>>> print(open('upload_8.cif').read())   # mmCIF, N, CA and C atoms
data_start
loop_
_atom_site.group_PDB
_atom_site.id
_atom_site.type_symbol
_atom_site.label_atom_id
_atom_site.label_comp_id
_atom_site.auth_asym_id
_atom_site.auth_seq_id
_atom_site.Cartn_x
_atom_site.Cartn_y
_atom_site.Cartn_z
ATOM 1 N N MET A 1 41.809 164.052 208.961
ATOM 2 C CA MET A 1 42.175 164.014 207.554
ATOM 3 C C MET A 1 43.658 164.315 207.409
ATOM 4 N N THR A 2 44.386 163.426 206.758
ATOM 5 C CA THR A 2 45.815 163.645 206.565
ATOM 6 C C THR A 2 46.066 164.302 205.218
ATOM 7 N N LEU A 3 47.189 164.991 205.166
ATOM 8 C CA LEU A 3 47.612 165.618 203.912
ATOM 9 C C LEU A 3 48.417 164.604 203.122
ATOM 10 N N ASN A 4 48.103 164.435 201.866
ATOM 11 C CA ASN A 4 48.859 163.543 200.995
ATOM 12 C C ASN A 4 49.620 164.392 200.004
ATOM 13 N N CYS A 5 50.922 164.236 199.989
ATOM 14 C CA CYS A 5 51.753 164.987 199.056
ATOM 15 C C CYS A 5 52.916 164.109 198.643
ATOM 16 N N THR A 6 53.105 163.973 197.350
ATOM 17 C CA THR A 6 54.222 163.175 196.856
ATOM 18 C C THR A 6 55.400 164.054 196.460
ATOM 19 N N GLY A 7 55.194 165.364 196.445
ATOM 20 C CA GLY A 7 56.252 166.291 196.040
ATOM 21 C C GLY A 7 56.803 167.076 197.209
ATOM 22 N N LYS A 8 57.127 168.326 196.922
ATOM 23 C CA LYS A 8 57.728 169.222 197.914
ATOM 24 C C LYS A 8 56.652 169.938 198.710
ATOM 25 N N VAL A 9 57.050 170.362 199.914
ATOM 26 C CA VAL A 9 56.207 171.196 200.755
ATOM 27 C C VAL A 9 57.055 172.401 201.137
ATOM 28 N N LEU A 10 56.690 173.568 200.607
ATOM 29 C CA LEU A 10 57.425 174.799 200.908
ATOM 30 C C LEU A 10 56.736 175.492 202.071
ATOM 31 N N LEU A 11 57.459 175.637 203.173
ATOM 32 C CA LEU A 11 56.936 176.278 204.373
ATOM 33 C C LEU A 11 57.506 177.685 204.471
ATOM 34 N N THR A 12 56.627 178.670 204.456
ATOM 35 C CA THR A 12 57.009 180.074 204.584
ATOM 36 C C THR A 12 56.335 180.612 205.831
ATOM 37 N N THR A 13 57.127 180.941 206.852
ATOM 38 C CA THR A 13 56.529 181.356 208.116
ATOM 39 C C THR A 13 56.284 182.859 208.193
ATOM 40 N N ASN A 14 56.896 183.648 207.335
ATOM 41 C CA ASN A 14 56.709 185.102 207.331
ATOM 42 C C ASN A 14 56.991 185.742 208.683
ATOM 43 N N THR A 15 57.884 185.163 209.429
ATOM 44 C CA THR A 15 58.288 185.705 210.720
ATOM 45 C C THR A 15 59.725 185.291 210.996
ATOM 46 N N SER A 16 60.411 186.055 211.815
ATOM 47 C CA SER A 16 61.788 185.701 212.165
ATOM 48 C C SER A 16 61.828 184.777 213.376
ATOM 49 N N ASP A 17 60.680 184.438 213.919
ATOM 50 C CA ASP A 17 60.589 183.567 215.088
ATOM 51 C C ASP A 17 60.817 182.116 214.667
ATOM 52 N N ASP A 18 62.006 181.584 214.970
ATOM 53 C CA ASP A 18 62.336 180.206 214.604
ATOM 54 C C ASP A 18 61.432 179.196 215.308
ATOM 55 N N GLY A 19 60.888 179.575 216.468
ATOM 56 C CA GLY A 19 59.992 178.689 217.190
ATOM 57 C C GLY A 19 58.739 178.378 216.390
ATOM 58 N N ILE A 20 58.231 179.380 215.673
ATOM 59 C CA ILE A 20 57.041 179.174 214.841
ATOM 60 C C ILE A 20 57.341 178.147 213.751
ATOM 61 N N ALA A 21 58.511 178.239 213.138
ATOM 62 C CA ALA A 21 58.886 177.300 212.078
ATOM 63 C C ALA A 21 58.929 175.870 212.619
ATOM 64 N N GLU A 22 59.479 175.688 213.807
ATOM 65 C CA GLU A 22 59.565 174.343 214.382
ATOM 66 C C GLU A 22 58.173 173.796 214.720
ATOM 67 N N VAL A 23 57.326 174.634 215.308
ATOM 68 C CA VAL A 23 55.964 174.214 215.627
ATOM 69 C C VAL A 23 55.208 173.881 214.339
ATOM 70 N N ALA A 24 55.385 174.702 213.314
ATOM 71 C CA ALA A 24 54.710 174.476 212.035
ATOM 72 C C ALA A 24 55.158 173.149 211.414
ATOM 73 N N LYS A 25 56.448 172.868 211.449
ATOM 74 C CA LYS A 25 56.948 171.597 210.914
ATOM 75 C C LYS A 25 56.343 170.415 211.650
ATOM 76 N N LYS A 26 56.265 170.521 212.978
ATOM 77 C CA LYS A 26 55.682 169.434 213.770
ATOM 78 C C LYS A 26 54.219 169.221 213.403
ATOM 79 N N LYS A 27 53.477 170.305 213.213
ATOM 80 C CA LYS A 27 52.069 170.194 212.840
ATOM 81 C C LYS A 27 51.908 169.539 211.468
ATOM 82 N N LEU A 28 52.786 169.886 210.534
ATOM 83 C CA LEU A 28 52.722 169.268 209.207
ATOM 84 C C LEU A 28 53.006 167.772 209.281
ATOM 85 N N ILE A 29 53.983 167.398 210.089
ATOM 86 C CA ILE A 29 54.326 165.981 210.260
ATOM 87 C C ILE A 29 53.152 165.247 210.900
ATOM 88 N N GLU A 30 52.511 165.864 211.909
ATOM 89 C CA GLU A 30 51.337 165.257 212.545
ATOM 90 C C GLU A 30 50.200 165.055 211.549
ATOM 91 N N ASN A 31 50.176 165.882 210.499
ATOM 92 C CA ASN A 31 49.116 165.806 209.501
ATOM 93 C C ASN A 31 49.506 164.983 208.276
ATOM 94 N N GLY A 32 50.552 164.173 208.384
ATOM 95 C CA GLY A 32 50.869 163.206 207.346
ATOM 96 C C GLY A 32 51.977 163.569 206.378
ATOM 97 N N ILE A 33 52.635 164.711 206.580
ATOM 98 C CA ILE A 33 53.733 165.103 205.688
ATOM 99 C C ILE A 33 55.034 164.502 206.200
ATOM 100 N N ASN A 34 55.820 163.956 205.297
ATOM 101 C CA ASN A 34 57.123 163.407 205.646
ATOM 102 C C ASN A 34 58.095 164.566 205.868
ATOM 103 N N GLU A 35 58.855 164.506 206.949
ATOM 104 C CA GLU A 35 59.780 165.595 207.288
ATOM 105 C C GLU A 35 60.757 165.902 206.156
ATOM 106 N N SER A 36 61.165 164.892 205.393
ATOM 107 C CA SER A 36 62.126 165.102 204.306
ATOM 108 C C SER A 36 61.543 165.920 203.157
ATOM 109 N N GLN A 37 60.229 166.051 203.088
ATOM 110 C CA GLN A 37 59.580 166.827 202.033
ATOM 111 C C GLN A 37 59.530 168.323 202.348
ATOM 112 N N ILE A 38 59.673 168.687 203.618
ATOM 113 C CA ILE A 38 59.467 170.067 204.055
ATOM 114 C C ILE A 38 60.721 170.902 203.823
ATOM 115 N N MET A 39 60.525 172.022 203.131
ATOM 116 C CA MET A 39 61.606 172.978 202.882
ATOM 117 C C MET A 39 61.173 174.327 203.452
ATOM 118 N N LEU A 40 62.082 175.018 204.123
ATOM 119 C CA LEU A 40 61.812 176.379 204.575
ATOM 120 C C LEU A 40 62.304 177.329 203.501
ATOM 121 N N GLY A 41 61.528 178.346 203.190
ATOM 122 C CA GLY A 41 61.973 179.309 202.192
ATOM 123 C C GLY A 41 60.847 180.182 201.702
ATOM 124 N N HIS A 42 61.195 181.014 200.732
ATOM 125 C CA HIS A 42 60.228 181.962 200.181
ATOM 126 C C HIS A 42 60.139 181.900 198.657
ATOM 127 N N ASP A 43 60.987 181.113 198.006
ATOM 128 C CA ASP A 43 61.042 181.062 196.550
ATOM 129 C C ASP A 43 60.011 180.084 195.997
ATOM 130 N N ILE A 44 58.821 180.592 195.660
ATOM 131 C CA ILE A 44 57.763 179.699 195.175
ATOM 132 C C ILE A 44 58.057 179.144 193.787
ATOM 133 N N GLN A 45 59.065 179.679 193.110
ATOM 134 C CA GLN A 45 59.404 179.176 191.778
ATOM 135 C C GLN A 45 59.937 177.743 191.810
ATOM 136 N N VAL A 46 60.326 177.244 192.995
ATOM 137 C CA VAL A 46 60.797 175.858 193.094
ATOM 138 C C VAL A 46 59.642 174.873 193.073
ATOM 139 N N LEU A 47 58.419 175.374 193.225
ATOM 140 C CA LEU A 47 57.248 174.504 193.283
ATOM 141 C C LEU A 47 56.802 174.056 191.895
ATOM 142 N N GLU A 48 56.267 172.850 191.850
ATOM 143 C CA GLU A 48 55.705 172.269 190.633
ATOM 144 C C GLU A 48 54.250 171.886 190.923
ATOM 145 N N ILE A 49 53.538 171.463 189.904
ATOM 146 C CA ILE A 49 52.147 171.040 190.075
ATOM 147 C C ILE A 49 52.081 169.907 191.104
ATOM 148 N N ASP A 50 51.087 169.990 191.991
ATOM 149 C CA ASP A 50 50.811 169.055 193.083
ATOM 150 C C ASP A 50 51.718 169.233 194.304
ATOM 151 N N ASP A 51 52.659 170.180 194.281
ATOM 152 C CA ASP A 51 53.422 170.513 195.479
ATOM 153 C C ASP A 51 52.543 171.356 196.394
ATOM 154 N N LEU A 52 52.928 171.426 197.670
ATOM 155 C CA LEU A 52 52.182 172.218 198.632
ATOM 156 C C LEU A 52 52.967 173.457 199.048
ATOM 157 N N TYR A 53 52.238 174.544 199.244
ATOM 158 C CA TYR A 53 52.793 175.793 199.758
ATOM 159 C C TYR A 53 52.075 176.068 201.070
ATOM 160 N N VAL A 54 52.841 176.213 202.145
ATOM 161 C CA VAL A 54 52.259 176.421 203.464
ATOM 162 C C VAL A 54 52.761 177.744 204.018
ATOM 163 N N SER A 55 51.833 178.615 204.380
ATOM 164 C CA SER A 55 52.219 179.907 204.947
ATOM 165 C C SER A 55 51.584 180.060 206.322
ATOM 166 N N TYR A 56 52.211 180.886 207.136
ATOM 167 C CA TYR A 56 51.730 181.154 208.490
ATOM 168 C C TYR A 56 50.902 182.419 208.468
ATOM 169 N N ASP A 57 49.630 182.266 208.793
ATOM 170 C CA ASP A 57 48.719 183.397 208.889
ATOM 171 C C ASP A 57 48.100 183.288 210.281
ATOM 172 N N PRO A 58 48.731 183.943 211.276
ATOM 173 C CA PRO A 58 48.354 183.726 212.679
ATOM 174 C C PRO A 58 46.850 183.676 212.889
ATOM 175 N N PRO A 59 46.361 182.712 213.624
ATOM 176 C CA PRO A 59 47.077 181.636 214.325
ATOM 177 C C PRO A 59 47.110 180.319 213.536
ATOM 178 N N ASP A 60 46.948 180.373 212.245
ATOM 179 C CA ASP A 60 46.827 179.157 211.437
ATOM 180 C C ASP A 60 47.960 179.002 210.424
ATOM 181 N N LEU A 61 48.100 177.770 209.984
ATOM 182 C CA LEU A 61 48.892 177.484 208.792
ATOM 183 C C LEU A 61 47.894 177.337 207.655
ATOM 184 N N VAL A 62 48.156 178.009 206.552
ATOM 185 C CA VAL A 62 47.300 177.904 205.376
ATOM 186 C C VAL A 62 48.019 177.001 204.373
ATOM 187 N N VAL A 63 47.363 175.917 203.996
ATOM 188 C CA VAL A 63 47.948 174.949 203.069
ATOM 189 C C VAL A 63 47.302 175.148 201.705
ATOM 190 N N ARG A 64 48.153 175.360 200.704
ATOM 191 C CA ARG A 64 47.688 175.542 199.333
ATOM 192 C C ARG A 64 48.360 174.495 198.446
ATOM 193 N N ILE A 65 47.640 174.064 197.421
ATOM 194 C CA ILE A 65 48.213 173.124 196.457
ATOM 195 C C ILE A 65 48.411 173.856 195.136
ATOM 196 N N VAL A 66 49.542 173.563 194.494
ATOM 197 C CA VAL A 66 49.826 174.143 193.179
ATOM 198 C C VAL A 66 49.058 173.315 192.151
ATOM 199 N N TYR A 67 48.173 173.977 191.398
ATOM 200 C CA TYR A 67 47.403 173.244 190.389
ATOM 201 C C TYR A 67 47.781 173.633 188.963
ATOM 202 N N ASP A 68 48.606 174.678 188.808
ATOM 203 C CA ASP A 68 49.046 175.061 187.465
ATOM 204 C C ASP A 68 50.316 175.886 187.580
ATOM 205 N N LYS A 69 51.222 175.671 186.656
ATOM 206 C CA LYS A 69 52.443 176.471 186.568
ATOM 207 C C LYS A 69 52.656 176.808 185.104
ATOM 208 N N LYS A 70 52.592 178.089 184.804
ATOM 209 C CA LYS A 70 52.716 178.567 183.427
ATOM 210 C C LYS A 70 54.188 178.624 183.009
ATOM 211 N N GLU A 71 54.423 178.634 181.705
ATOM 212 C CA GLU A 71 55.785 178.726 181.183
ATOM 213 C C GLU A 71 56.477 180.012 181.616
ATOM 214 N N ASN A 72 55.689 181.079 181.823
ATOM 215 C CA ASN A 72 56.281 182.355 182.239
ATOM 216 C C ASN A 72 56.585 182.384 183.742
ATOM 217 N N GLY A 73 56.326 181.276 184.446
ATOM 218 C CA GLY A 73 56.643 181.181 185.865
ATOM 219 C C GLY A 73 55.476 181.459 186.801
ATOM 220 N N MET A 74 54.349 181.905 186.252
ATOM 221 C CA MET A 74 53.197 182.179 187.106
ATOM 222 C C MET A 74 52.662 180.873 187.686
ATOM 223 N N ILE A 75 52.439 180.886 188.993
ATOM 224 C CA ILE A 75 51.969 179.695 189.703
ATOM 225 C C ILE A 75 50.570 179.951 190.224
ATOM 226 N N LYS A 76 49.683 178.990 189.983
ATOM 227 C CA LYS A 76 48.315 179.097 190.485
ATOM 228 C C LYS A 76 48.129 178.071 191.597
ATOM 229 N N MET A 77 47.556 178.544 192.711
ATOM 230 C CA MET A 77 47.347 177.687 193.872
ATOM 231 C C MET A 77 45.934 177.876 194.392
ATOM 232 N N LYS A 78 45.457 176.866 195.115
ATOM 233 C CA LYS A 78 44.181 177.010 195.801
ATOM 234 C C LYS A 78 44.328 176.484 197.227
ATOM 235 N N ASN A 79 43.601 177.118 198.145
ATOM 236 C CA ASN A 79 43.612 176.693 199.545
ATOM 237 C C ASN A 79 42.945 175.336 199.666
ATOM 238 N N ILE A 80 43.591 174.448 200.439
ATOM 239 C CA ILE A 80 42.986 173.140 200.656
ATOM 240 C C ILE A 80 42.777 172.848 202.137
ATOM 241 N N ARG A 81 43.447 173.611 203.001
ATOM 242 C CA ARG A 81 43.345 173.292 204.432
ATOM 243 C C ARG A 81 43.861 174.421 205.288
ATOM 244 N N MET A 82 43.286 174.542 206.494
ATOM 245 C CA MET A 82 43.788 175.449 207.538
ATOM 246 C C MET A 82 44.129 174.555 208.717
ATOM 247 N N ILE A 83 45.304 174.777 209.305
ATOM 248 C CA ILE A 83 45.743 173.978 210.459
ATOM 249 C C ILE A 83 46.029 174.939 211.603
ATOM 250 N N LYS A 84 45.383 174.745 212.731
ATOM 251 C CA LYS A 84 45.624 175.559 213.929
ATOM 252 C C LYS A 84 46.965 175.185 214.542
ATOM 253 N N ILE A 85 47.733 176.206 214.910
ATOM 254 C CA ILE A 85 48.968 175.915 215.654
ATOM 255 C C ILE A 85 48.979 176.644 216.974
#
>>> encode(input="upload_8.cif", output="structure tokens")
Amino acid sequence: MTLNCTGKVLLTTNTSDDGIAEVAKKKLIENGINESQIMLGHDIQVLEIDDLYVSYDPPDLVVRIVYDKKENGMIKMKNIRMIKI
């Protein structure tokens, strides 16, 4: 099953290990994400509805989709996939 995303993909690795970030990016690309969509960072306020938020929760990547963004900035997400790395 490939991931379909037309917006941004925010990758937050929660570690200072740059190797994890590179492996995570490769796994996302293998799962159908375009490399140009992937952003590294921690500022979830850049996300909009239908964007993906990916975090590293050893040993998996947890993929969440933004399904609501309130005017006050609160973002609601739900888990859609776990990817082993």
>>> select_by_dssp(input="upload_8.cif", residues="chain A", states="helix (DSSP H, G or I)", output="PyMOL selection string")
chain A and resi 18-30+35-37+44-46
>>> atom_distance(input="upload_8.cif", atom1="atom N of Gly7 (chain A)", atom2="atom C of Asp50 (chain A)")
5.6 Å
>>> resolve_selection(input="upload_8.cif", expression="the PyMOL selection byres ((chain A and resi 13) around 8)", output="ChimeraX atom specification")
/A:10-12,14-17,20-21,40-42,54-57
>>> resolve_selection(input="upload_8.cif", expression="the PyMOL selection byres (((chain A and resi 79 and name CA) around 10) and name CA)", output="PyMOL selection string")
chain A and resi 52-54+62-66+77-78+80-82
>>> atom_distance(input="upload_8.cif", atom1="CA of Gln37 (chain A)", atom2="CA of Ile85 (chain A)")
19.5 Å
>>> residues_around(input="upload_8.cif", residues="Asn4 (chain A)", least_positions_apart="6", cutoff="7 Å", atoms="all atoms listed in the file", output="ChimeraX atom specification")
/A:31-33
>>> atom_distance(input="upload_8.cif", atom1="atom N of Lys76 (chain A)", atom2="atom C of Ser36 (chain A)")
22.0 Å
>>> axis_aligned_box(input="upload_8.cif", around="region 26-43 of chain A", padding_each_side="8 Å", output="JSON")
{"center_x": 55.7, "center_y": 172.6, "center_z": 204.9, "size_x": 29.2, "size_y": 34.8, "size_z": 33.8}
>>> select_by_dssp(input="upload_8.cif", residues="chain A", states="strand (DSSP E or B)", output="ChimeraX atom specification")
/A:9-12,38-40,52-57,60-69,75-84
>>> closest_residue(input="upload_8.cif", among="A:Leu61, A:Ile44, A:Asp68, A:Leu3", to="Ala24 (chain A)", atoms="only C-alpha atoms")
A:Leu61
>>> closest_residue(input="upload_8.cif", among="A:Glu35, A:Gly19, A:Lys8, A:Ile29", to="Ile49 (chain A)", atoms="only C-alpha atoms")
A:Lys8
>>> closest_residue(input="upload_8.cif", among="A:Glu22, A:Cys5, A:Ile75, A:Leu47", to="Asn34 (chain A)", atoms="only N, CA and C atoms")
A:Cys5
